[in-house]
Amino acid sequence: MTSSLTVGQLAERLGAELVGKPDGTIERAAPLETASEGEVSFLARRKYLRYLGATRATAVIVDREMGRLEDFPQSTALLWVDDAHAALAETLTLLYPQAPRDGEIAPSAMLGPGVELGEGVIIGHHAVVAAGTRLGDRVRVGANCVVGERCEIGADTELKDLVCLYPDTVIGARCIVHSGARIGVDGFGYVFQDNRHRKIPQVGRCVVEDDVEIGANTCIDRGSVGETRIGAGTKIDNLVHIAHNVRIGRQCIIVAQVGIAGSTTVGDGVALAGQVGIIGHLDVGDGAKVAAQAGVSHDIPAGETWFGYPARPLTKVMRASAAFLKLPELIRRVRRIEKKLEVDDDS
Amino acid sequence: MTSSLTVGQLAERLGAELVGKPDGTIERAAPLETASEGEVSFLARRKYLRYLGATRATAVIVDREMGRLEDFPQSTALLWVDDAHAALAETLTLLYPQAPRDGEIAPSAMLGPGVELGEGVIIGHHAVVAAGTRLGDRVRVGANCVVGERCEIGADTELKDLVCLYPDTVIGARCIVHSGARIGVDGFGYVFQDNRHRKIPQVGRCVVEDDVEIGANTCIDRGSVGETRIGAGTKIDNLVHIAHNVRIGRQCIIVAQVGIAGSTTVGDGVALAGQVGIIGHLDVGDGAKVAAQAGVSHDIPAGETWFGYPARPLTKVMRASAAFLKLPELIRRVRRIEKKLEVDDDS
Amino acid sequence: MTSSLTVGQLAERLGAELVGKPDGTIERAAPLETASEGEVSFLARRKYLRYLGATRATAVIVDREMGRLEDFPQSTALLWVDDAHAALAETLTLLYPQAPRDGEIAPSAMLGPGVELGEGVIIGHHAVVAAGTRLGDRVRVGANCVVGERCEIGADTELKDLVCLYPDTVIGARCIVHSGARIGVDGFGYVFQDNRHRKIPQVGRCVVEDDVEIGANTCIDRGSVGETRIGAGTKIDNLVHIAHNVRIGRQCIIVAQVGIAGSTTVGDGVALAGQVGIIGHLDVGDGAKVAAQAGVSHDIPAGETWFGYPARPLTKVMRASAAFLKLPELIRRVRRIEKKLEVDDDS
């Protein structure tokens, strides 16, 4: 299941500066505190420095930011790199290569009329692929997935198990869609008439561009009469909600449990931290950052970092937030002044 | 898949005032900025007025609130209406009629003993309908759904794909339950005994009345010893959590990622915006509105609009919230006064 | 489906003090306001006292905290207990015994090579259990579940319908995993290189210890290179997100829609209320409590109760929060003082 290489080979592949012996063999990766012989670990945060002295890892990838370290076991080699996370990604790709899988359509899978399959497509047990859908080369559809009518899925994209694509959904190449994601769902649109909410038919579609990853149980609505669109390279975590007609740019990071209301536009390279909410019909500019749990109710200019509820530029809110706990004391101070000046406090 | 009609016919159906030629043909709907010949679009917000001048739509439905408009292409007809969203709903219903589908039970579907089926019932591939469940006329059960024992589903209700109803769940007529919704789940009830959490058996049920729509991946718990109930006509968005014994009234709007804790009662016509949280054992009165992300920890009287965390009546919070950013400056001002009066600020 | 017993027998089993006749028969449980003859109800909160006078329940379990009650129907027996919730749990366990089910593997279930099954295992329709997975005695796998390669599930654990375990997931004994839960999902880890987010392979696993309950549509990520771990006896509600490398202690309570970011450690006996968010790499001490919707961005010492956004110790925040609404008035008061002292307010 895994490959192996020597400490020296790994150092060479990473362009790392090696301190220690180059001849140990590395077969797996593990955290500092639980690693044993044959395993490589990494150190990218000072907080975890305390585990270095006792680690049994054969080698440890260390971020140069840590500075020179003395306290590590003789049996452990250190690999100094400029970016420990990048080096870790590279190491894991070397140690845990994706097994090539032969294309196979499970006999229990149901394919509708007119389904087109590229080369090497894999379809899992009990999956359903409805009429008119096209799957590119090497697409993998997990067990018990349901892919609606007239969907298009680009080459090398993987749907994990139990995913649902509503009809007419388009997914680009090299995407990963995690278990339980629902894409192209009817948007939440009603008009109140005759004392009841009448559904506005949701006749648009959802387009996910190339290289997007979509987390488990995340829901993305289709357009009402146009598109909902997720830009290329954007990564979306678990349990996120993206409403109808939202447009997300390229290379965004959208952390778990974020919610984005209808028709809002998010630029390129935006980062939304966990549990952020954004109301509808707003513009979030390129490169903007929004802190966890913030509630956004105004447009955010490009490049700014916002925070709070309601969200405002970070610097402004931080000072007010720090002052917040002094509020009861401040009221006492004002009262004392009023007393001294004999001003009535409830006029 | 779609019907078509002329601009004149559409104007007549909508009771709209027509400016422009009545003889264009309309086949689909599209947003202003991407619409082309043969498509109808709509304009209900000033923000999107900028797209009108260049639209290639054959006709545009315009809300009278927009006022008289001059800047639109000669080839485009305008249809003035009192409520553009209502007119859009009507237009989409005309253009995209739901295809009638013949009743069919997929051969791979599993039906338990004693299942009763109305006329024209459709059951998708690999769906499971357990013993003693009754499905009304024209009920549609999507692919890979699991419907537990002794459920009842009313006529014309649709379960999209991969839905799960726990045993004893009751769903009314004309409901739509989106993919991944879980209804009748065990409530979160424990008693702490002998240093462990002991589960309180959840033996109640969940009742969803007529004309309810339930969003993708939404979870609704069953009653602990009574019912959880969702009132007729209420619409629930994606990823909402509704705990055991909650009672929701009729014609409510519950936006994505709302959470309502156990035994809380929500009246008729209530609107809860996205990511609102409500703690348990509260009463939210008829017609109340709660702003996005608010955290409700007190009863809300009928008709009021609440906001904030902890949530309070909107008007009160708005003023305090506006004053919040002035807090650091206010502290400086008080310090200056104290200096002038020679009052010690830490007494 | 249910058992029955007399009021006297129930009183004896609960060690309750009985007021009223011991000979009524009890067959089911129901809430005070809807209970009828043959049903037992309970009263644990003053709020519901108003329903006692008119109840038709044969017996009512009453918490001693309610004090002596006079207003109840002659036909109703009262059972006084020290802890009504514990007594209710016991009563429901007596009235609604879990039907023993014979082990059966549905013919439509798919088992991969090398799957090991304990005695009495039940596997539902269309479930998939992949190669190398081991299921302990009496494990129940619901319909349309997908259990990945090399998973281990302990004795007496139940996966409800449509659950997904990613490969290498370990679940202990006597756990309940609700419908739509996703366990062992890839964590959300990327490194930004060459202007794109490159995925860090997620090669760890997720370990759930004994006696854990996991709510519907909850997502728990696998470790990146180590473990994500949920301690024994911990209970997790619906729609919760737990990121990679998080460690949750024993006997915790994690309410619906909570989100915990990567590498955070939560001690034993911690209670996180609904919609709480915790950022990554923090420590939450044993026995800590966090109020609903709080946003935690600092370590929480053991035993403390925190509240707010950003979260801080409850007592501090409560006073500041109460003062918050007085802020506009406070600004007016300071302005008046400044006027009187002839201080310029914008210097």
# chains A, B, ... in the order shown; residues from 1 in each chain; ligands from 1
call {"tool": "residues_around", "arguments": {"residues": "Gly231 (chain C)", "least_positions_apart": "5", "cutoff": "6 Å", "atoms": "only C-alpha atoms", "output": "JSON, numbers by chain"}}
result
{"C": [209, 248, 249, 250]}
call {"tool": "select_by_dssp", "arguments": {"residues": "region 72-308 of chain B", "states": "helix (DSSP H, G or I)", "output": "PyMOL selection string"}}
result
chain B and resi 84-95
call {"tool": "residues_around", "arguments": {"residues": "Ile242 (chain C)", "least_positions_apart": "3", "cutoff": "12 Å", "atoms": "only C-alpha atoms", "output": "PyMOL selection string"}}
result
(chain A and resi 216+237-239+255-257+274) or (chain C and resi 181-188+206+214+217-223+228-230+236-239+245-248+254+256-266+276-280)
call {"tool": "interface_residues", "arguments": {"of": "chain C", "to": "chain B", "cutoff": "8 Å", "atoms": "only C-alpha atoms", "output": "ChimeraX atom specification"}}
result
/C:29-31,85-86,88-90,92-93,96,125-126,143-144,161-162,178-180,216-217,233-235,237-239,251,255-257,274-275,292-293,308,324-328,331,334,338,343,345
call {"tool": "select_by_dssp", "arguments": {"residues": "region 19-216 of chain A", "states": "strand (DSSP E)", "output": "ChimeraX atom specification"}}
result
/A:19,25-26,28-29,39-43,59-63,77-81,110-111,116-117,122-123,128-129,134-135,140-141,146-147,152-153,158-159,164-165,170-171,176-177,182-185,190-193,196-199,205-208,213-214
call {"tool": "residues_around", "arguments": {"residues": "Arg13 (chain C)", "least_positions_apart": "2", "cutoff": "10 Å", "atoms": "only C-alpha atoms", "output": "MDAnalysis selection string"}}
result
chainID C and resid 7:11 15:16 87 90:91 94
call {"tool": "write_last_selection", "arguments": {"atoms": "C-alpha atoms", "output": "mmCIF file, in the first residue's frame"}}
result
data_model
loop_
_atom_site.group_PDB
_atom_site.id
_atom_site.type_symbol
_atom_site.label_atom_id
_atom_site.label_comp_id
_atom_site.auth_asym_id
_atom_site.auth_seq_id
_atom_site.Cartn_x
_atom_site.Cartn_y
_atom_site.Cartn_z
ATOM 1 C CA VAL C 7 -48.361 1.643 38.167
ATOM 2 C CA GLY C 8 -47.283 -0.206 41.301
ATOM 3 C CA GLN C 9 -44.708 -2.255 39.446
ATOM 4 C CA LEU C 10 -43.321 0.858 37.802
ATOM 5 C CA ALA C 11 -43.098 2.679 41.145
ATOM 6 C CA GLY C 15 -37.897 3.384 43.677
ATOM 7 C CA ALA C 16 -40.572 6.080 43.444
ATOM 8 C CA ALA C 87 -36.633 7.713 35.806
ATOM 9 C CA GLU C 90 -35.578 3.665 32.888
ATOM 10 C CA THR C 91 -39.324 3.667 32.153
ATOM 11 C CA LEU C 94 -38.942 -1.078 30.273
#
call {"tool": "atom_distance", "arguments": {"atom1": "CA of Ile122 (chain B)", "atom2": "CA of Arg134 (chain B)"}}
result
13.1 Å
call {"tool": "residues_around", "arguments": {"residues": "Leu49 (chain B)", "least_positions_apart": "3", "cutoff": "10 Å", "atoms": "only C-alpha atoms", "output": "VMD selection string"}}
result
chain B and resid 32 43 to 46 52 to 53 66 69 71 to 72
call {"tool": "write_last_selection", "arguments": {"atoms": "N, CA and C atoms", "output": "mmCIF file, in the first residue's frame"}}
result
data_model
loop_
_atom_site.group_PDB
_atom_site.id
_atom_site.type_symbol
_atom_site.label_atom_id
_atom_site.label_comp_id
_atom_site.auth_asym_id
_atom_site.auth_seq_id
_atom_site.Cartn_x
_atom_site.Cartn_y
_atom_site.Cartn_z
ATOM 1 N N LEU B 32 -30.565 38.400 -17.001
ATOM 2 C CA LEU B 32 -30.408 39.532 -17.921
ATOM 3 C C LEU B 32 -29.082 39.492 -18.679
ATOM 4 N N LEU B 43 -36.296 41.696 -13.927
ATOM 5 C CA LEU B 43 -35.565 42.765 -13.246
ATOM 6 C C LEU B 43 -36.365 43.176 -12.021
ATOM 7 N N ALA B 44 -35.847 42.829 -10.840
ATOM 8 C CA ALA B 44 -36.585 43.115 -9.610
ATOM 9 C C ALA B 44 -35.755 43.894 -8.599
ATOM 10 N N ARG B 45 -34.492 44.128 -8.913
ATOM 11 C CA ARG B 45 -33.619 44.870 -8.003
ATOM 12 C C ARG B 45 -32.835 45.908 -8.783
ATOM 13 N N ARG B 46 -32.738 47.114 -8.254
ATOM 14 C CA ARG B 46 -31.994 48.191 -8.898
ATOM 15 C C ARG B 46 -30.555 47.797 -9.220
ATOM 16 N N LEU B 52 -29.537 45.917 -18.118
ATOM 17 C CA LEU B 52 -30.701 46.023 -19.009
ATOM 18 C C LEU B 52 -30.316 46.548 -20.391
ATOM 19 N N GLY B 53 -29.431 47.546 -20.431
ATOM 20 C CA GLY B 53 -29.098 48.199 -21.702
ATOM 21 C C GLY B 53 -28.526 47.249 -22.749
ATOM 22 N N MET B 66 -39.354 49.617 -10.183
ATOM 23 C CA MET B 66 -38.168 50.113 -10.888
ATOM 24 C C MET B 66 -38.410 51.505 -11.460
ATOM 25 N N LEU B 69 -38.372 53.018 -17.323
ATOM 26 C CA LEU B 69 -37.003 52.775 -17.781
ATOM 27 C C LEU B 69 -36.899 53.157 -19.251
ATOM 28 N N ASP B 71 -33.582 52.898 -20.986
ATOM 29 C CA ASP B 71 -32.409 52.291 -21.596
ATOM 30 C C ASP B 71 -32.536 50.782 -21.785
ATOM 31 N N PHE B 72 -33.282 50.403 -22.822
ATOM 32 C CA PHE B 72 -33.325 48.970 -23.119
ATOM 33 C C PHE B 72 -33.338 48.783 -24.632
#
call {"tool": "residues_around", "arguments": {"residues": "Arg140 (chain C)", "least_positions_apart": "6", "cutoff": "12 Å", "atoms": "only C-alpha atoms", "output": "PyMOL selection string"}}
result
chain C and resi 100-106+117-125+127+129+147+153-161+163+173-178
